[in-house]
Amino acid sequence: MAKKDPTDLSVEEKLKTLFQLQTALSSIDEKKALRGELPLEVEDLDAEIEGLTTRIERIQNDVDEYERAISQKRGEIIEAQASVDRYKNQLNDVRNNREYDTLSKEIEFQTLEIELCNKKINDAQKRIAERNADLEGAKALLTEKQADLEVKRSELDEIMDETRVEEEKLREKAKELEAKIDPRLLTSFKRIRKNARNGLGIVYVQRDACGGCFNKIPPQRQLDIKMHKKIIVCEYCGRILIDPELAGIKSEKPVVVEEKKVRKRSTTGIRKTSNSKKATDASDMI
């Protein structure tokens, strides 16, 4: 049997299918609600762990950079010390004051270079100590967050395992229902559902009011909803409205209390009796 084109469905069939889809989606939302804040907590922990991992890498790179700088400065110290030793040896062979002054300045300059390199090495070592302390703190925090993530993820997996089969069935059912609905109507329904706080895109009339926002619906509009001639939305919240009977909900009929008819006793007989009694008494007196 060929599938019916969604555009060929009557308004009643469209509304009924939409309500069935809403029921399936609401059930899926309930399953998600069982997970609570766990998915968000797991997501946040994943982001924190990723940030901590990046921070640890950056700190480690800083430490490596400082160590390379220290190694370079130590090499410069060795070269400067070699220059100082060479210039000192050359002082023994100077022939005039000018050469002596030049060599003395070179020795002084190289000595200052050695002192500057030593200062930079000390500064770098202090920075390495500070960064290593930061590194240890970040690693400890990473270990703590990873343990939290493992606990939260196991809790989430346990909850998901309990609802996975049923949720998959509901998703398959929702997919089948969506295929039966006109694409334009489905898009509108999804947009309404997305904007609705409780995720309801279609609701049935409850006690003469919208089942979503609970605002009163005029009688004429209720009659139009029961007629199933066109798709009607709530003028307050924009949700699609459906007749309770079409949604498979038994409407609550007001309970009518029957008043017992109080039977009035006829006073005519009483009057007649009383008159006849008076007449009898009068005849007795005669």
# chains A, B, ... in the order shown; residues from 1 in each chain; ligands from 1
$ residues_around --residues "Leu40 of chain A" --least-positions-apart "4" --cutoff "12 Å" --atoms "only C-alpha atoms" --output "VMD selection string"
chain A and resid 32 to 33 35 to 36 44 to 47 149 152 to 153 156
$ write_last_selection --atoms "N, CA, C and O atoms" --output "PDB file, in the first residue's frame"
ATOM      1  N   LYS A  32      15.190  12.569  29.405  1.00  0.00           N
ATOM      2  CA  LYS A  32      16.341  13.475  29.534  1.00  0.00           C
ATOM      3  C   LYS A  32      16.344  14.143  30.908  1.00  0.00           C
ATOM      4  O   LYS A  32      17.401  14.379  31.490  1.00  0.00           O
ATOM      5  N   ALA A  33      15.137  14.445  31.397  1.00  0.00           N
ATOM      6  CA  ALA A  33      15.031  15.107  32.702  1.00  0.00           C
ATOM      7  C   ALA A  33      15.549  14.214  33.830  1.00  0.00           C
ATOM      8  O   ALA A  33      16.031  14.711  34.856  1.00  0.00           O
ATOM      9  N   ARG A  35      18.130  12.545  33.764  1.00  0.00           N
ATOM     10  CA  ARG A  35      19.589  12.726  33.851  1.00  0.00           C
ATOM     11  C   ARG A  35      19.952  13.977  34.627  1.00  0.00           C
ATOM     12  O   ARG A  35      21.085  14.142  35.075  1.00  0.00           O
ATOM     13  N   GLY A  36      18.964  14.887  34.769  1.00  0.00           N
ATOM     14  CA  GLY A  36      19.211  16.106  35.529  1.00  0.00           C
ATOM     15  C   GLY A  36      20.303  16.959  34.901  1.00  0.00           C
ATOM     16  O   GLY A  36      20.373  17.138  33.688  1.00  0.00           O
ATOM     17  N   ASP A  44      30.944  20.323  31.326  1.00  0.00           N
ATOM     18  CA  ASP A  44      31.768  21.342  31.993  1.00  0.00           C
ATOM     19  C   ASP A  44      33.098  20.755  32.461  1.00  0.00           C
ATOM     20  O   ASP A  44      34.152  21.396  32.329  1.00  0.00           O
ATOM     21  N   LEU A  45      33.047  19.541  33.015  1.00  0.00           N
ATOM     22  CA  LEU A  45      34.277  18.894  33.474  1.00  0.00           C
ATOM     23  C   LEU A  45      35.202  18.593  32.298  1.00  0.00           C
ATOM     24  O   LEU A  45      36.425  18.739  32.414  1.00  0.00           O
ATOM     25  N   ASP A  46      34.625  18.164  31.183  1.00  0.00           N
ATOM     26  CA  ASP A  46      35.435  17.927  29.977  1.00  0.00           C
ATOM     27  C   ASP A  46      36.150  19.208  29.554  1.00  0.00           C
ATOM     28  O   ASP A  46      37.341  19.179  29.208  1.00  0.00           O
ATOM     29  N   ALA A  47      35.403  20.330  29.581  1.00  0.00           N
ATOM     30  CA  ALA A  47      35.990  21.616  29.193  1.00  0.00           C
ATOM     31  C   ALA A  47      37.088  22.030  30.179  1.00  0.00           C
ATOM     32  O   ALA A  47      38.150  22.532  29.767  1.00  0.00           O
ATOM     33  N   LEU A 149      35.090  13.513  36.911  1.00  0.00           N
ATOM     34  CA  LEU A 149      34.513  13.202  35.600  1.00  0.00           C
ATOM     35  C   LEU A 149      34.189  11.720  35.481  1.00  0.00           C
ATOM     36  O   LEU A 149      33.132  11.340  34.953  1.00  0.00           O
ATOM     37  N   LYS A 152      30.979  11.126  37.544  1.00  0.00           N
ATOM     38  CA  LYS A 152      29.799  11.700  36.883  1.00  0.00           C
ATOM     39  C   LYS A 152      29.452  10.935  35.613  1.00  0.00           C
ATOM     40  O   LYS A 152      28.276  10.680  35.329  1.00  0.00           O
ATOM     41  N   ARG A 153      30.463  10.562  34.861  1.00  0.00           N
ATOM     42  CA  ARG A 153      30.213   9.851  33.599  1.00  0.00           C
ATOM     43  C   ARG A 153      29.639   8.461  33.865  1.00  0.00           C
ATOM     44  O   ARG A 153      28.762   7.995  33.125  1.00  0.00           O
ATOM     45  N   LEU A 156      26.036   8.963  34.720  1.00  0.00           N
ATOM     46  CA  LEU A 156      25.274   9.291  33.506  1.00  0.00           C
ATOM     47  C   LEU A 156      25.076   8.052  32.633  1.00  0.00           C
ATOM     48  O   LEU A 156      23.976   7.817  32.110  1.00  0.00           O
TER      49      LEU A 156
END
$ residues_around --residues "Lys180 of chain A" --least-positions-apart "3" --cutoff "12 Å" --atoms "only C-alpha atoms" --output "list in words"
Lys3, Lys4, Asp5, Pro6, Thr7, Asp8, Leu9, Ser10, Glu13, Lys14, Leu15, Lys16, Thr17, Leu18, Gln20, Leu21, Lys173, Ala174, Lys175, Glu176, Leu177, Pro183, Arg184, Leu185 and Leu186 of chain A
$ closest_atom_pairs --of "segment 16-58 of chain A" --to "segment 131-135 of chain A" --cutoff "10 Å" --atoms "only C-alpha atoms" --output "Markdown table"
| residue | atom | partner | partner_atom | distance |
| --- | --- | --- | --- | --- |
| A:Leu52 | CA | A:Leu135 | CA | 9.9 |
| A:Arg55 | CA | A:Leu135 | CA | 8.5 |
| A:Ile56 | CA | A:Leu135 | CA | 6.1 |
| A:Glu57 | CA | A:Leu135 | CA | 9.0 |
| A:Arg58 | CA | A:Leu135 | CA | 9.4 |
$ write_last_selection --atoms "N, CA and C atoms" --output "PDB file, in the first residue's frame"
ATOM      1  N   LEU A  52      42.779  22.653  31.619  1.00  0.00           N
ATOM      2  CA  LEU A  52      43.914  22.330  32.505  1.00  0.00           C
ATOM      3  C   LEU A  52      45.050  21.658  31.735  1.00  0.00           C
ATOM      4  N   ARG A  55      46.816  24.294  29.921  1.00  0.00           N
ATOM      5  CA  ARG A  55      47.603  25.090  30.870  1.00  0.00           C
ATOM      6  C   ARG A  55      48.875  24.360  31.276  1.00  0.00           C
ATOM      7  N   ILE A  56      48.760  23.056  31.530  1.00  0.00           N
ATOM      8  CA  ILE A  56      49.937  22.268  31.910  1.00  0.00           C
ATOM      9  C   ILE A  56      50.961  22.267  30.780  1.00  0.00           C
ATOM     10  N   GLU A  57      50.486  22.130  29.551  1.00  0.00           N
ATOM     11  CA  GLU A  57      51.398  22.153  28.402  1.00  0.00           C
ATOM     12  C   GLU A  57      52.101  23.499  28.285  1.00  0.00           C
ATOM     13  N   ARG A  58      51.334  24.573  28.515  1.00  0.00           N
ATOM     14  CA  ARG A  58      51.912  25.919  28.427  1.00  0.00           C
ATOM     15  C   ARG A  58      52.960  26.135  29.525  1.00  0.00           C
TER      16      ARG A  58
END
$ residues_around --residues "Glu67 of chain A" --least-positions-apart "2" --cutoff "12 Å" --atoms "only C-alpha atoms" --output "number ranges by chain"
A: 60-65, 69-74, 120-129, 131-132
$ closest_residue --among "A:Met160, A:Arg239, A:Leu170, A:Asp182" --to "Leu38 of chain A" --atoms "only C-alpha atoms"
A:Met160
$ closest_residue --among "A:Pro218, A:Ile78, A:Ile202, A:Cys234" --to "Thr23 of chain A" --atoms "only C-alpha atoms"
A:Ile202
$ atom_distance --atom1 "atom CA of Arg191 of chain A" --atom2 "atom CA of Tyr236 of chain A"
15.8 Å
$ residues_around --residues "Ile225 of chain A" --least-positions-apart "6" --cutoff "8 Å" --atoms "only C-alpha atoms" --output "number ranges by chain"
A: 231-232, 241-243
$ write_last_selection --atoms "N, CA and C atoms" --output "PDB file, in the first residue's frame"
ATOM      1  N   ILE A 231      -6.359  24.559  11.345  1.00  0.00           N
ATOM      2  CA  ILE A 231      -5.444  24.522  12.487  1.00  0.00           C
ATOM      3  C   ILE A 231      -5.507  25.868  13.191  1.00  0.00           C
ATOM      4  N   ILE A 232      -5.814  25.832  14.465  1.00  0.00           N
ATOM      5  CA  ILE A 232      -5.985  27.051  15.262  1.00  0.00           C
ATOM      6  C   ILE A 232      -4.913  27.100  16.343  1.00  0.00           C
ATOM      7  N   LEU A 241      -3.788  24.404  19.091  1.00  0.00           N
ATOM      8  CA  LEU A 241      -4.847  23.914  19.973  1.00  0.00           C
ATOM      9  C   LEU A 241      -5.577  22.736  19.339  1.00  0.00           C
ATOM     10  N   ILE A 242      -5.941  21.756  20.177  1.00  0.00           N
ATOM     11  CA  ILE A 242      -6.625  20.554  19.709  1.00  0.00           C
ATOM     12  C   ILE A 242      -7.753  20.207  20.663  1.00  0.00           C
ATOM     13  N   ASP A 243      -8.771  19.599  20.117  1.00  0.00           N
ATOM     14  CA  ASP A 243      -9.925  19.176  20.913  1.00  0.00           C
ATOM     15  C   ASP A 243      -9.517  18.004  21.814  1.00  0.00           C
TER      16      ASP A 243
END
$ residues_around --residues "segment 110-117 of chain A" --least-positions-apart "5" --cutoff "7 Å" --atoms "only C-alpha atoms" --output "list in words"
Lys73, Ile77, Ala80 and Val84 of chain A
$ atom_distance --atom1 "atom CA of Gly201 of chain A" --atom2 "atom CA of Glu30 of chain A"
15.5 Å
$ residues_around --residues "Lys31 of chain A" --least-positions-apart "5" --cutoff "10 Å" --atoms "only C-alpha atoms" --output "list in words"
Leu25, Ser26, Gly36, Ile159, Met160, Glu162, Thr163, Arg164, Glu166 and Glu167 of chain A
$ atom_distance --atom1 "atom CA of Leu246 of chain A" --atom2 "atom CA of Ile217 of chain A"
17.4 Å
